[in-house]
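The structure appears right after this line, and notes come after that.
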Amino acid sequence: IMLDQIQDIQTKPISDEEFSEAIAQLKFSYQDRISSLESKSMMVATDVLYGFGPDRSLKMMDAISKLTKQDVMETAKKYLIHPQIFVFQK
């Protein structure tokens with residue numbers, strides 16, 4: 001079933017509803033991670049340390065908003081190419 005789902009994500013666009021829900025969840029998750037002053041300070045400091053710049057969090061929300069269904073398919077094709085199958089036995 002999982003392999004069928006992976007193949008579907010790679011070859012067929014997801015529904016508008018599923019895409020909208022995923023974008024909303026990504027935005028909420030990101031905003032939640034920077035909801036306190038302490039966590040926002042830590043994120044900005046880490047971004048500066050790794051050379052991303054202090055405004056990366058603003059750019060991230062914009063990048064999430066610009067995602068497309070095609071981006072989802074291309075990412076699935078790039079990163080979900082050789083799923084490993086594990087068989088568990090008693």
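Chain labels run A, B, ... following the order of the structure tokens; each chain numbers its residues from 1, and ligands are numbered from 1 in the order shown.
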Open item on the list: Could you list, as an NGL selection string, every residue within 12 Å of Ser65 of chain A, counting only C-alpha atoms and ignoring same-chain residues fewer than 5 positions away?
Closed with: :A and (19-20 or 22-28 or 58-60 or 71)
TODO: Find the distance between atom CA of Met73 of chain A and atom CA of Ile14 of chain A and write it in Å to one decimal.
DONE: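 Separating atom CA of Met73 of chain A from atom CA of Ile14 of chain A is a distance of 8.5 Å.
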Task: Distance query segment 40-43 of chain A at most 10 Å, only C-alpha atoms, self and fewer than 5 positions along chain excluded, as a count of residues only - done: 10
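The interatomic distance for the pair atom CA of Lys77 of chain A and atom CA of Met61 of chain A works out to 23.8 Å.
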TODO: May I ask for the distance between atom CA of Asp62 of chain A and atom CA of Ile9 of chain A, given in Å to one decimal place?
DONE: 23.5 Å
Task: Long-range neighbours of Gln10 of chain A as a ChimeraX atom specification, 9 Å cut-off, only C-alpha atoms, 5 positions minimum in chain - done: /A:5,72-78,80
